[in-house]
>>> print(open('target.tsv').read())   # TSV, C-alpha atoms
chain	number	residue	atom	x	y	z
A	1	MET	CA	108.52	87.56	47.94
A	2	THR	CA	105.49	87.69	45.66
A	3	GLY	CA	102.76	85.14	46.09
A	4	PHE	CA	103.61	83.43	42.83
A	5	ARG	CA	107.17	82.56	43.74
A	6	ARG	CA	106.18	81.74	47.28
A	7	THR	CA	104.12	78.85	45.98
A	8	PHE	CA	107.20	77.14	44.65
A	9	GLU	CA	109.54	77.94	47.49
A	10	VAL	CA	109.80	74.59	49.18
A	11	SER	CA	110.89	75.48	52.66
A	12	TYR	CA	109.02	72.54	54.08
A	13	ARG	CA	109.32	69.02	52.78
A	14	PRO	CA	106.32	68.32	50.55
A	15	GLN	CA	103.75	66.40	52.52
A	16	PRO	CA	100.90	64.29	51.18
A	17	GLY	CA	98.45	66.97	52.32
A	18	SER	CA	100.27	69.82	50.58
A	19	ILE	CA	100.70	67.76	47.42
A	20	ALA	CA	96.97	67.04	47.51
A	21	TRP	CA	96.33	70.78	47.87
A	22	LEU	CA	98.44	71.51	44.80
A	23	LEU	CA	96.82	68.73	42.76
A	24	HIS	CA	93.38	69.96	43.79
A	25	ARG	CA	94.21	73.42	42.46
A	26	LEU	CA	95.79	72.13	39.25
A	27	SER	CA	92.93	69.73	38.51
A	28	GLY	CA	90.45	72.51	39.26
A	29	LEU	CA	92.08	74.90	36.84
A	30	GLY	CA	92.27	72.17	34.22
A	31	LEU	CA	88.58	71.46	34.67
A	32	VAL	CA	87.72	75.13	34.18
A	33	VAL	CA	89.59	75.05	30.87
A	34	TYR	CA	87.70	71.89	29.98
A	35	LEU	CA	84.38	73.52	30.90
A	36	ALA	CA	85.07	76.45	28.59
A	37	LEU	CA	85.95	74.10	25.71
A	38	HIS	CA	82.90	71.96	26.43
A	39	ILE	CA	80.51	74.93	26.37
A	40	TRP	CA	82.11	76.15	23.16
A	41	THR	CA	82.05	72.83	21.31
A	42	LEU	CA	78.47	72.10	22.31
A	43	HIS	CA	77.57	75.51	20.96
A	44	THR	CA	78.41	74.12	17.52
A	45	LEU	CA	75.20	72.09	17.83
A	46	THR	CA	73.43	75.30	16.88
A	47	GLU	CA	75.08	75.21	13.49
A	48	GLY	CA	73.07	72.21	12.42
A	49	LYS	CA	73.56	68.49	12.04
A	50	GLU	CA	76.34	68.39	9.42
A	51	ALA	CA	78.50	71.04	11.09
A	52	PHE	CA	78.14	69.35	14.48
A	53	GLU	CA	78.96	65.90	13.21
A	54	ALA	CA	82.03	67.25	11.41
A	55	HIS	CA	83.19	68.61	14.76
A	56	VAL	CA	82.46	65.28	16.45
A	57	GLN	CA	84.92	63.57	14.07
A	58	VAL	CA	87.72	65.55	15.72
A	59	PHE	CA	86.81	63.88	19.00
A	60	LYS	CA	87.60	60.47	17.58
A	61	LEU	CA	91.29	61.27	17.14
A	62	PRO	CA	93.68	59.30	19.39
A	63	ILE	CA	94.91	62.46	21.13
A	64	MET	CA	91.36	63.01	22.32
A	65	GLY	CA	91.37	59.57	23.90
A	66	ILE	CA	94.43	60.50	25.94
A	67	SER	CA	92.89	63.87	26.84
A	68	ILE	CA	89.70	62.16	27.99
A	69	LEU	CA	91.72	59.90	30.28
A	70	GLY	CA	93.42	62.97	31.75
A	71	LEU	CA	90.02	64.63	32.16
A	72	TRP	CA	88.64	61.57	33.91
A	73	ALA	CA	91.59	61.49	36.31
A	74	ALA	CA	91.15	65.21	37.07
A	75	ILE	CA	87.42	64.79	37.69
A	76	LEU	CA	87.94	61.79	39.98
A	77	PHE	CA	90.68	63.32	42.07
A	78	HIS	CA	89.11	66.77	42.32
A	79	ALA	CA	85.67	65.44	43.28
A	80	LEU	CA	86.95	62.84	45.75
A	81	ASN	CA	89.47	65.16	47.36
A	82	GLY	CA	86.77	67.83	47.51
A	83	LEU	CA	84.62	65.35	49.40
A	84	ARG	CA	87.54	64.72	51.76
A	85	LEU	CA	87.87	68.48	52.33
A	86	MET	CA	84.19	68.71	53.21
A	87	LEU	CA	84.48	65.82	55.65
A	88	VAL	CA	87.42	67.55	57.31
A	89	ASP	CA	85.74	70.97	57.36
A	90	PHE	CA	82.24	69.96	58.41
A	91	LEU	CA	82.69	66.75	60.35
A	92	GLY	CA	85.93	67.80	61.97
A	93	LEU	CA	87.87	64.77	60.71
A	94	SER	CA	91.14	66.68	60.40
A	95	ARG	CA	92.98	64.10	62.51
A	96	ARG	CA	92.06	61.51	59.88
A	97	GLN	CA	92.87	63.63	56.86
A	98	LYS	CA	95.83	61.48	55.85
A	99	PRO	CA	94.02	58.12	55.83
A	100	LEU	CA	91.19	59.88	54.02
A	101	LEU	CA	93.71	61.01	51.45
A	102	TRP	CA	94.86	57.43	50.88
A	103	GLY	CA	91.22	56.55	50.39
A	104	VAL	CA	90.90	59.32	47.81
A	105	VAL	CA	94.00	58.10	45.97
A	106	ALA	CA	92.76	54.49	46.04
A	107	LEU	CA	89.29	55.39	44.75
A	108	THR	CA	90.82	57.60	42.07
A	109	ALA	CA	92.97	54.70	40.90
A	110	VAL	CA	90.02	52.29	40.89
A	111	GLY	CA	87.77	54.78	39.08
A	112	LEU	CA	90.49	55.51	36.56
A	113	ALA	CA	90.90	51.82	35.81
A	114	ALA	CA	87.15	51.14	35.64
A	115	GLY	CA	86.29	54.15	33.51
A	116	GLY	CA	89.55	54.29	31.62
A	117	TRP	CA	89.39	50.78	30.28
A	118	PRO	CA	86.35	51.36	28.02
A	119	ILE	CA	88.03	54.51	26.71
A	120	VAL	CA	91.29	52.72	25.96
A	121	ARG	CA	89.37	49.90	24.35
A	122	LEU	CA	87.30	52.27	22.20
A	123	TYR	CA	90.11	54.54	21.09
A	124	PHE	CA	93.10	52.25	20.86
A	125	ILE	CA	91.86	48.68	20.46
A	126	GLU	CA	88.50	48.42	18.77
A	127	GLY	CA	88.19	51.76	17.04
A	128	PHE	CA	84.92	53.54	16.32
A	129	HIS	CA	81.91	51.75	14.81
B	1	MET	CA	81.73	100.04	40.57
B	2	ILE	CA	82.85	96.44	40.44
B	3	ARG	CA	84.89	95.43	43.43
B	4	PRO	CA	85.05	92.37	45.65
B	5	SER	CA	83.25	92.60	48.96
B	6	GLY	CA	85.27	93.16	52.09
B	7	ASP	CA	84.15	90.12	54.07
B	8	SER	CA	86.55	87.46	55.20
B	9	GLY	CA	85.80	85.34	52.16
B	10	PHE	CA	83.35	83.19	54.07
B	11	LYS	CA	80.59	83.39	51.46
B	12	VAL	CA	82.81	82.13	48.65
B	13	TRP	CA	84.34	79.48	50.92
B	14	PHE	CA	80.93	78.20	51.94
B	15	LEU	CA	79.41	78.35	48.46
B	16	GLN	CA	82.33	76.34	47.07
B	17	ARG	CA	81.36	73.52	49.41
B	18	VAL	CA	77.65	73.79	48.63
B	19	THR	CA	78.12	73.93	44.85
B	20	GLY	CA	80.81	71.27	45.08
B	21	ALA	CA	78.45	68.88	46.84
B	22	PHE	CA	75.72	69.47	44.26
B	23	LEU	CA	78.19	69.09	41.41
B	24	PHE	CA	79.36	65.75	42.79
B	25	VAL	CA	75.84	64.39	42.39
B	26	MET	CA	75.22	66.23	39.12
B	27	VAL	CA	78.39	64.94	37.48
B	28	LEU	CA	77.49	61.38	38.43
B	29	LEU	CA	74.04	61.77	36.92
B	30	HIS	CA	75.35	63.55	33.82
B	31	PHE	CA	77.91	60.82	33.28
B	32	THR	CA	75.39	58.02	33.75
B	33	VAL	CA	72.76	59.52	31.45
B	34	MET	CA	75.24	60.45	28.74
B	35	HIS	CA	76.77	57.00	28.69
B	36	ALA	CA	73.47	55.17	28.92
B	37	TYR	CA	72.08	57.19	26.05
B	38	GLN	CA	74.81	56.65	23.49
B	39	GLU	CA	77.77	54.43	22.70
B	40	GLY	CA	81.04	55.76	21.43
B	41	GLY	CA	80.10	59.16	20.09
B	42	LEU	CA	77.34	61.68	20.46
B	43	THR	CA	75.16	62.30	17.44
B	44	PHE	CA	73.12	65.38	16.68
B	45	ARG	CA	69.91	63.44	17.10
B	46	GLU	CA	70.77	62.17	20.57
B	47	ALA	CA	72.03	65.55	21.77
B	48	THR	CA	68.95	67.44	20.63
B	49	GLU	CA	66.50	64.81	21.80
B	50	LEU	CA	67.91	64.90	25.32
B	51	VAL	CA	67.61	68.65	25.57
B	52	ALA	CA	64.10	68.71	24.07
B	53	ASN	CA	62.81	67.30	27.37
B	54	PRO	CA	62.04	70.44	29.44
B	55	LEU	CA	62.82	68.72	32.72
B	56	TRP	CA	66.21	67.57	31.49
B	57	ARG	CA	66.90	70.99	29.99
B	58	ALA	CA	66.09	72.69	33.32
B	59	TRP	CA	68.54	70.32	34.97
B	60	GLU	CA	71.23	71.20	32.42
B	61	VAL	CA	70.69	74.92	33.10
B	62	GLY	CA	71.18	74.31	36.82
B	63	PHE	CA	74.25	72.20	36.11
B	64	LEU	CA	75.71	74.97	33.95
B	65	VAL	CA	75.13	77.64	36.61
B	66	PHE	CA	76.63	75.55	39.38
B	67	ALA	CA	79.63	74.48	37.31
B	68	LEU	CA	80.36	78.04	36.18
B	69	TYR	CA	80.07	79.37	39.72
B	70	HIS	CA	82.24	76.69	41.29
B	71	GLY	CA	84.89	76.81	38.59
B	72	LEU	CA	85.19	80.57	38.33
B	73	ALA	CA	85.06	81.08	42.11
B	74	GLY	CA	87.92	78.60	42.24
B	75	VAL	CA	89.87	80.60	39.66
B	76	TRP	CA	89.15	83.71	41.75
B	77	VAL	CA	90.48	82.10	44.93
B	78	VAL	CA	93.64	80.78	43.29
B	79	ALA	CA	94.40	83.97	41.38
B	80	SER	CA	93.68	86.06	44.51
B	81	ASP	CA	96.65	84.40	46.14
B	82	TYR	CA	98.90	85.97	43.56
B	83	VAL	CA	97.21	89.29	42.86
B	84	GLU	CA	97.76	91.59	45.82
B	85	ASN	CA	97.38	95.00	44.17
B	86	ALA	CA	93.88	96.36	44.74
B	87	LEU	CA	93.38	97.65	41.21
B	88	TRP	CA	94.49	94.41	39.55
B	89	LYS	CA	92.27	92.53	41.95
B	90	SER	CA	89.29	94.51	40.69
B	91	VAL	CA	90.34	93.75	37.12
B	92	LEU	CA	90.56	90.06	38.01
B	93	TYR	CA	87.13	90.16	39.64
B	94	GLY	CA	85.65	91.82	36.56
B	95	ALA	CA	87.29	89.26	34.29
B	96	VAL	CA	85.94	86.34	36.33
B	97	LEU	CA	82.47	87.89	36.35
B	98	PHE	CA	82.64	88.48	32.61
B	99	ALA	CA	83.76	84.91	31.93
B	100	GLY	CA	80.84	83.64	33.98
B	101	LEU	CA	78.28	85.75	32.14
B	102	LEU	CA	79.79	84.81	28.79
B	103	GLY	CA	79.74	81.11	29.60
B	104	LEU	CA	76.19	81.34	30.86
B	105	THR	CA	75.02	83.20	27.77
B	106	VAL	CA	76.66	80.84	25.29
B	107	GLY	CA	75.40	77.82	27.23
B	108	LEU	CA	71.83	79.10	27.47
B	109	VAL	CA	71.78	80.01	23.77
B	110	THR	CA	72.84	76.45	22.98
B	111	LEU	CA	70.31	74.83	25.32
B	112	PHE	CA	67.37	76.86	24.10
B	113	SER	CA	68.04	77.06	20.38
B	114	ILE	CA	68.68	73.47	19.40
B	115	HIS	CA	65.76	71.34	18.33
B	116	PRO	CA	65.60	67.76	17.10
B	117	LEU	CA	65.17	67.38	13.39
B	118	PRO	CA	61.65	66.26	12.44
>>> encode(input="target.tsv", output="structure tokens")
Amino acid sequence: MTGFRRTFEVSYRPQPGSIAWLLHRLSGLGLVVYLALHIWTLHTLTEGKEAFEAHVQVFKLPIMGISILGLWAAILFHALNGLRLMLVDFLGLSRRQKPLLWGVVALTAVGLAAGGWPIVRLYFIEGFH
Amino acid sequence: MIRPSGDSGFKVWFLQRVTGAFLFVMVLLHFTVMHAYQEGGLTFREATELVANPLWRAWEVGFLVFALYHGLAGVWVVASDYVENALWKSVLYGAVLFAGLLGLTVGLVTLFSIHPLP
């Protein structure tokens, strides 16, 4: 079986650790896409003030608010889970990887609420300026 | 000839952790500075003024390099799981390398060619 199909062959029941592995990969790939878009849109700064600020208007659309929330969730989970991976790899905490995962999930939820609220307020409640 | 090295993958594995640790700190700083500097939308003035500071600009260059390495090495690792043919693997490696150089070039052009309006 090729590697691609093997990924989705669920011969073992999904475990928190394997779900975390999948989410880490998905969030990572999403963040790479984001990075490319970010580099490209910031490049429009070189076109001068008016061109840049026209581009910035696109970022005030509601769909961007939702995308930014998704981005924030991806950043939080990927960074915190990455930290968990380093603790397991370098401090040998593999026996505690599951409680560490619950910590990651909890901190992701807290961070999402704390950082997401200003975004929701700005995009969907108050509006810009 | 471009081809991936034959080691066990240790260098990439280790560098992912190193760059990941740096990025954790860098993202926190980037986030804090960006949000302290402006409310609700970046303007041309704020963007160019930040980058005009040579220390901050050097930081942004480092951030760009680390982010590109970590992200593209990640793409390489994930895609390597699915690409087993040696020739396609070389193509993949070349594509990842190219994407990195392209991102670095575009990013550096941006960082070094924008100036605040007088």
>>> closest_residue(input="target.tsv", among="A:Leu112, A:Met64, A:Ile119, A:Ala74", to="chain B", atoms="all atoms listed in the file")
A:Ile119
>>> closest_atom_pairs(input="target.tsv", of="chain A", to="chain B", cutoff="10 Å", atoms="all atoms listed in the file", output="JSON lines")
{"residue": "A:Thr2", "atom": "CA", "partner": "B:Tyr82", "partner_atom": "CA", "distance": 7.1}
{"residue": "A:Gly3", "atom": "CA", "partner": "B:Tyr82", "partner_atom": "CA", "distance": 4.7}
{"residue": "A:Phe4", "atom": "CA", "partner": "B:Tyr82", "partner_atom": "CA", "distance": 5.4}
{"residue": "A:Arg5", "atom": "CA", "partner": "B:Tyr82", "partner_atom": "CA", "distance": 8.9}
{"residue": "A:Arg6", "atom": "CA", "partner": "B:Tyr82", "partner_atom": "CA", "distance": 9.2}
{"residue": "A:Thr7", "atom": "CA", "partner": "B:Tyr82", "partner_atom": "CA", "distance": 9.2}
{"residue": "A:Arg25", "atom": "CA", "partner": "B:Val78", "partner_atom": "CA", "distance": 7.4}
{"residue": "A:Leu26", "atom": "CA", "partner": "B:Val78", "partner_atom": "CA", "distance": 9.8}
{"residue": "A:Gly28", "atom": "CA", "partner": "B:Gly71", "partner_atom": "CA", "distance": 7.1}
{"residue": "A:Leu29", "atom": "CA", "partner": "B:Val75", "partner_atom": "CA", "distance": 6.7}
{"residue": "A:Gly30", "atom": "CA", "partner": "B:Gly71", "partner_atom": "CA", "distance": 9.8}
{"residue": "A:Leu31", "atom": "CA", "partner": "B:Gly71", "partner_atom": "CA", "distance": 7.6}
{"residue": "A:Val32", "atom": "CA", "partner": "B:Gly71", "partner_atom": "CA", "distance": 5.5}
{"residue": "A:Val33", "atom": "CA", "partner": "B:Gly71", "partner_atom": "CA", "distance": 9.2}
{"residue": "A:Leu35", "atom": "CA", "partner": "B:Leu68", "partner_atom": "CA", "distance": 8.0}
{"residue": "A:Ala36", "atom": "CA", "partner": "B:Gly103", "partner_atom": "CA", "distance": 7.2}
{"residue": "A:His38", "atom": "CA", "partner": "B:Gly107", "partner_atom": "CA", "distance": 9.6}
{"residue": "A:Ile39", "atom": "CA", "partner": "B:Gly107", "partner_atom": "CA", "distance": 5.9}
{"residue": "A:Trp40", "atom": "CA", "partner": "B:Val106", "partner_atom": "CA", "distance": 7.5}
{"residue": "A:Leu42", "atom": "CA", "partner": "B:Thr110", "partner_atom": "CA", "distance": 7.1}
{"residue": "A:His43", "atom": "CA", "partner": "B:Thr110", "partner_atom": "CA", "distance": 5.2}
{"residue": "A:Thr44", "atom": "CA", "partner": "B:Thr110", "partner_atom": "CA", "distance": 8.1}
{"residue": "A:Leu45", "atom": "CA", "partner": "B:Ile114", "partner_atom": "CA", "distance": 6.8}
{"residue": "A:Thr46", "atom": "CA", "partner": "B:Ile114", "partner_atom": "CA", "distance": 5.7}
{"residue": "A:Glu47", "atom": "CA", "partner": "B:Ile114", "partner_atom": "CA", "distance": 8.9}
{"residue": "A:Gly48", "atom": "CA", "partner": "B:Phe44", "partner_atom": "CA", "distance": 8.0}
{"residue": "A:Lys49", "atom": "CA", "partner": "B:Phe44", "partner_atom": "CA", "distance": 5.6}
{"residue": "A:Glu50", "atom": "CA", "partner": "B:Phe44", "partner_atom": "CA", "distance": 8.5}
{"residue": "A:Ala51", "atom": "CA", "partner": "B:Phe44", "partner_atom": "CA", "distance": 9.6}
{"residue": "A:Phe52", "atom": "CA", "partner": "B:Phe44", "partner_atom": "CA", "distance": 6.8}
{"residue": "A:Glu53", "atom": "CA", "partner": "B:Thr43", "partner_atom": "CA", "distance": 6.7}
{"residue": "A:Val56", "atom": "CA", "partner": "B:Leu42", "partner_atom": "CA", "distance": 7.4}
{"residue": "A:Gln57", "atom": "CA", "partner": "B:Gly41", "partner_atom": "CA", "distance": 8.9}
{"residue": "A:Phe59", "atom": "CA", "partner": "B:Gly41", "partner_atom": "CA", "distance": 8.3}
{"residue": "A:Lys60", "atom": "CA", "partner": "B:Gly41", "partner_atom": "CA", "distance": 8.0}
{"residue": "A:Ile75", "atom": "CA", "partner": "B:Val27", "partner_atom": "CA", "distance": 9.0}
{"residue": "A:Leu76", "atom": "CA", "partner": "B:Phe24", "partner_atom": "CA", "distance": 9.9}
{"residue": "A:His78", "atom": "CA", "partner": "B:Phe24", "partner_atom": "CA", "distance": 9.8}
{"residue": "A:Ala79", "atom": "CA", "partner": "B:Phe24", "partner_atom": "CA", "distance": 6.3}
{"residue": "A:Leu80", "atom": "CA", "partner": "B:Phe24", "partner_atom": "CA", "distance": 8.7}
{"residue": "A:Gly82", "atom": "CA", "partner": "B:Gly20", "partner_atom": "CA", "distance": 7.3}
{"residue": "A:Leu83", "atom": "CA", "partner": "B:Ala21", "partner_atom": "CA", "distance": 7.6}
{"residue": "A:Leu85", "atom": "CA", "partner": "B:Arg17", "partner_atom": "CA", "distance": 8.7}
{"residue": "A:Met86", "atom": "CA", "partner": "B:Arg17", "partner_atom": "CA", "distance": 6.8}
{"residue": "A:Asp89", "atom": "CA", "partner": "B:Arg17", "partner_atom": "CA", "distance": 9.4}
{"residue": "A:Phe90", "atom": "CA", "partner": "B:Arg17", "partner_atom": "CA", "distance": 9.7}
{"residue": "A:Pro118", "atom": "CA", "partner": "B:Gly40", "partner_atom": "CA", "distance": 9.5}
{"residue": "A:Ile119", "atom": "CA", "partner": "B:Gly40", "partner_atom": "CA", "distance": 8.8}
{"residue": "A:Leu122", "atom": "CA", "partner": "B:Gly40", "partner_atom": "CA", "distance": 7.2}
{"residue": "A:Tyr123", "atom": "CA", "partner": "B:Gly40", "partner_atom": "CA", "distance": 9.2}
{"residue": "A:Gly127", "atom": "CA", "partner": "B:Gly40", "partner_atom": "CA", "distance": 9.3}
{"residue": "A:Phe128", "atom": "CA", "partner": "B:Gly40", "partner_atom": "CA", "distance": 6.8}
{"residue": "A:His129", "atom": "CA", "partner": "B:Gly40", "partner_atom": "CA", "distance": 7.8}
>>> write_last_selection(input="target.tsv", atoms="C-alpha atoms", output="PDB file, keeping the file's coordinate frame")
ATOM      1  CA  THR A   2     105.490  87.690  45.660  1.00  0.00           C
ATOM      2  CA  GLY A   3     102.760  85.140  46.090  1.00  0.00           C
ATOM      3  CA  PHE A   4     103.610  83.430  42.830  1.00  0.00           C
ATOM      4  CA  ARG A   5     107.170  82.560  43.740  1.00  0.00           C
ATOM      5  CA  ARG A   6     106.180  81.740  47.280  1.00  0.00           C
ATOM      6  CA  THR A   7     104.120  78.850  45.980  1.00  0.00           C
ATOM      7  CA  ARG A  25      94.210  73.420  42.460  1.00  0.00           C
ATOM      8  CA  LEU A  26      95.790  72.130  39.250  1.00  0.00           C
ATOM      9  CA  GLY A  28      90.450  72.510  39.260  1.00  0.00           C
ATOM     10  CA  LEU A  29      92.080  74.900  36.840  1.00  0.00           C
ATOM     11  CA  GLY A  30      92.270  72.170  34.220  1.00  0.00           C
ATOM     12  CA  LEU A  31      88.580  71.460  34.670  1.00  0.00           C
ATOM     13  CA  VAL A  32      87.720  75.130  34.180  1.00  0.00           C
ATOM     14  CA  VAL A  33      89.590  75.050  30.870  1.00  0.00           C
ATOM     15  CA  LEU A  35      84.380  73.520  30.900  1.00  0.00           C
ATOM     16  CA  ALA A  36      85.070  76.450  28.590  1.00  0.00           C
ATOM     17  CA  HIS A  38      82.900  71.960  26.430  1.00  0.00           C
ATOM     18  CA  ILE A  39      80.510  74.930  26.370  1.00  0.00           C
ATOM     19  CA  TRP A  40      82.110  76.150  23.160  1.00  0.00           C
ATOM     20  CA  LEU A  42      78.470  72.100  22.310  1.00  0.00           C
ATOM     21  CA  HIS A  43      77.570  75.510  20.960  1.00  0.00           C
ATOM     22  CA  THR A  44      78.410  74.120  17.520  1.00  0.00           C
ATOM     23  CA  LEU A  45      75.200  72.090  17.830  1.00  0.00           C
ATOM     24  CA  THR A  46      73.430  75.300  16.880  1.00  0.00           C
ATOM     25  CA  GLU A  47      75.080  75.210  13.490  1.00  0.00           C
ATOM     26  CA  GLY A  48      73.070  72.210  12.420  1.00  0.00           C
ATOM     27  CA  LYS A  49      73.560  68.490  12.040  1.00  0.00           C
ATOM     28  CA  GLU A  50      76.340  68.390   9.420  1.00  0.00           C
ATOM     29  CA  ALA A  51      78.500  71.040  11.090  1.00  0.00           C
ATOM     30  CA  PHE A  52      78.140  69.350  14.480  1.00  0.00           C
ATOM     31  CA  GLU A  53      78.960  65.900  13.210  1.00  0.00           C
ATOM     32  CA  VAL A  56      82.460  65.280  16.450  1.00  0.00           C
ATOM     33  CA  GLN A  57      84.920  63.570  14.070  1.00  0.00           C
ATOM     34  CA  PHE A  59      86.810  63.880  19.000  1.00  0.00           C
ATOM     35  CA  LYS A  60      87.600  60.470  17.580  1.00  0.00           C
ATOM     36  CA  ILE A  75      87.420  64.790  37.690  1.00  0.00           C
ATOM     37  CA  LEU A  76      87.940  61.790  39.980  1.00  0.00           C
ATOM     38  CA  HIS A  78      89.110  66.770  42.320  1.00  0.00           C
ATOM     39  CA  ALA A  79      85.670  65.440  43.280  1.00  0.00           C
ATOM     40  CA  LEU A  80      86.950  62.840  45.750  1.00  0.00           C
ATOM     41  CA  GLY A  82      86.770  67.830  47.510  1.00  0.00           C
ATOM     42  CA  LEU A  83      84.620  65.350  49.400  1.00  0.00           C
ATOM     43  CA  LEU A  85      87.870  68.480  52.330  1.00  0.00           C
ATOM     44  CA  MET A  86      84.190  68.710  53.210  1.00  0.00           C
ATOM     45  CA  ASP A  89      85.740  70.970  57.360  1.00  0.00           C
ATOM     46  CA  PHE A  90      82.240  69.960  58.410  1.00  0.00           C
ATOM     47  CA  PRO A 118      86.350  51.360  28.020  1.00  0.00           C
ATOM     48  CA  ILE A 119      88.030  54.510  26.710  1.00  0.00           C
ATOM     49  CA  LEU A 122      87.300  52.270  22.200  1.00  0.00           C
ATOM     50  CA  TYR A 123      90.110  54.540  21.090  1.00  0.00           C
ATOM     51  CA  GLY A 127      88.190  51.760  17.040  1.00  0.00           C
ATOM     52  CA  PHE A 128      84.920  53.540  16.320  1.00  0.00           C
ATOM     53  CA  HIS A 129      81.910  51.750  14.810  1.00  0.00           C
TER      54      HIS A 129
END
>>> atom_distance(input="target.tsv", atom1="atom CA of Ala73 of chain A", atom2="atom CA of Phe14 of chain B")
25.2 Å
>>> atom_distance(input="target.tsv", atom1="atom CA of Pro16 of chain A", atom2="atom CA of Leu100 of chain A")
11.0 Å
>>> atom_distance(input="target.tsv", atom1="atom CA of Val61 of chain B", atom2="atom CA of His30 of chain B")
12.3 Å
>>> build_atoms(input="target.tsv", residues="segment 84-90 of chain A", atoms="all heavy atoms", output="tab-separated table (two decimals), in the coordinates of the input")
chain	number	residue	atom	x	y	z
A	84	ARG	N	86.67	64.84	50.57
A	84	ARG	CA	87.54	64.72	51.76
A	84	ARG	C	87.63	66.06	52.48
A	84	ARG	O	87.52	66.12	53.72
A	84	ARG	CB	88.92	64.25	51.31
A	84	ARG	CG	90.01	64.38	52.35
A	84	ARG	CD	91.34	63.86	51.82
A	84	ARG	NE	92.45	64.35	52.60
A	84	ARG	CZ	93.21	65.39	52.26
A	84	ARG	NH1	92.98	66.04	51.13
A	84	ARG	NH2	94.19	65.78	53.04
A	85	LEU	N	87.78	67.15	51.72
A	85	LEU	CA	87.87	68.48	52.33
A	85	LEU	C	86.60	68.81	53.10
A	85	LEU	O	86.65	69.38	54.19
A	85	LEU	CB	88.10	69.54	51.26
A	85	LEU	CG	89.50	69.63	50.66
A	85	LEU	CD1	89.53	70.69	49.59
A	85	LEU	CD2	90.51	69.94	51.73
A	86	MET	N	85.45	68.42	52.53
A	86	MET	CA	84.19	68.71	53.21
A	86	MET	C	84.05	67.88	54.49
A	86	MET	O	83.54	68.37	55.50
A	86	MET	CB	83.02	68.48	52.27
A	86	MET	CG	82.86	69.60	51.26
A	86	MET	SD	81.29	69.54	50.41
A	86	MET	CE	81.67	68.37	49.14
A	87	LEU	N	84.52	66.65	54.44
A	87	LEU	CA	84.48	65.82	55.65
A	87	LEU	C	85.35	66.43	56.74
A	87	LEU	O	84.97	66.49	57.91
A	87	LEU	CB	84.97	64.40	55.34
A	87	LEU	CG	84.06	63.55	54.45
A	87	LEU	CD1	84.71	62.21	54.14
A	87	LEU	CD2	82.71	63.31	55.13
A	88	VAL	N	86.52	66.94	56.33
A	88	VAL	CA	87.42	67.55	57.31
A	88	VAL	C	86.82	68.84	57.85
A	88	VAL	O	86.81	69.10	59.06
A	88	VAL	CB	88.81	67.81	56.67
A	88	VAL	CG1	89.64	68.72	57.53
A	88	VAL	CG2	89.54	66.50	56.45
A	89	ASP	N	86.27	69.67	56.93
A	89	ASP	CA	85.74	70.97	57.36
A	89	ASP	C	84.48	70.83	58.20
A	89	ASP	O	84.32	71.52	59.21
A	89	ASP	CB	85.39	71.82	56.13
A	89	ASP	CG	86.61	72.41	55.47
A	89	ASP	OD1	87.67	72.46	56.12
A	89	ASP	OD2	86.51	72.83	54.30
A	90	PHE	N	83.56	69.97	57.79
A	90	PHE	CA	82.24	69.96	58.41
A	90	PHE	C	82.05	68.86	59.46
A	90	PHE	O	81.20	68.98	60.32
A	90	PHE	CB	81.15	69.87	57.35
A	90	PHE	CG	81.09	71.08	56.47
A	90	PHE	CD1	81.19	70.96	55.10
A	90	PHE	CD2	80.95	72.34	57.02
A	90	PHE	CE1	81.14	72.08	54.28
A	90	PHE	CE2	80.91	73.47	56.21
A	90	PHE	CZ	81.00	73.34	54.84
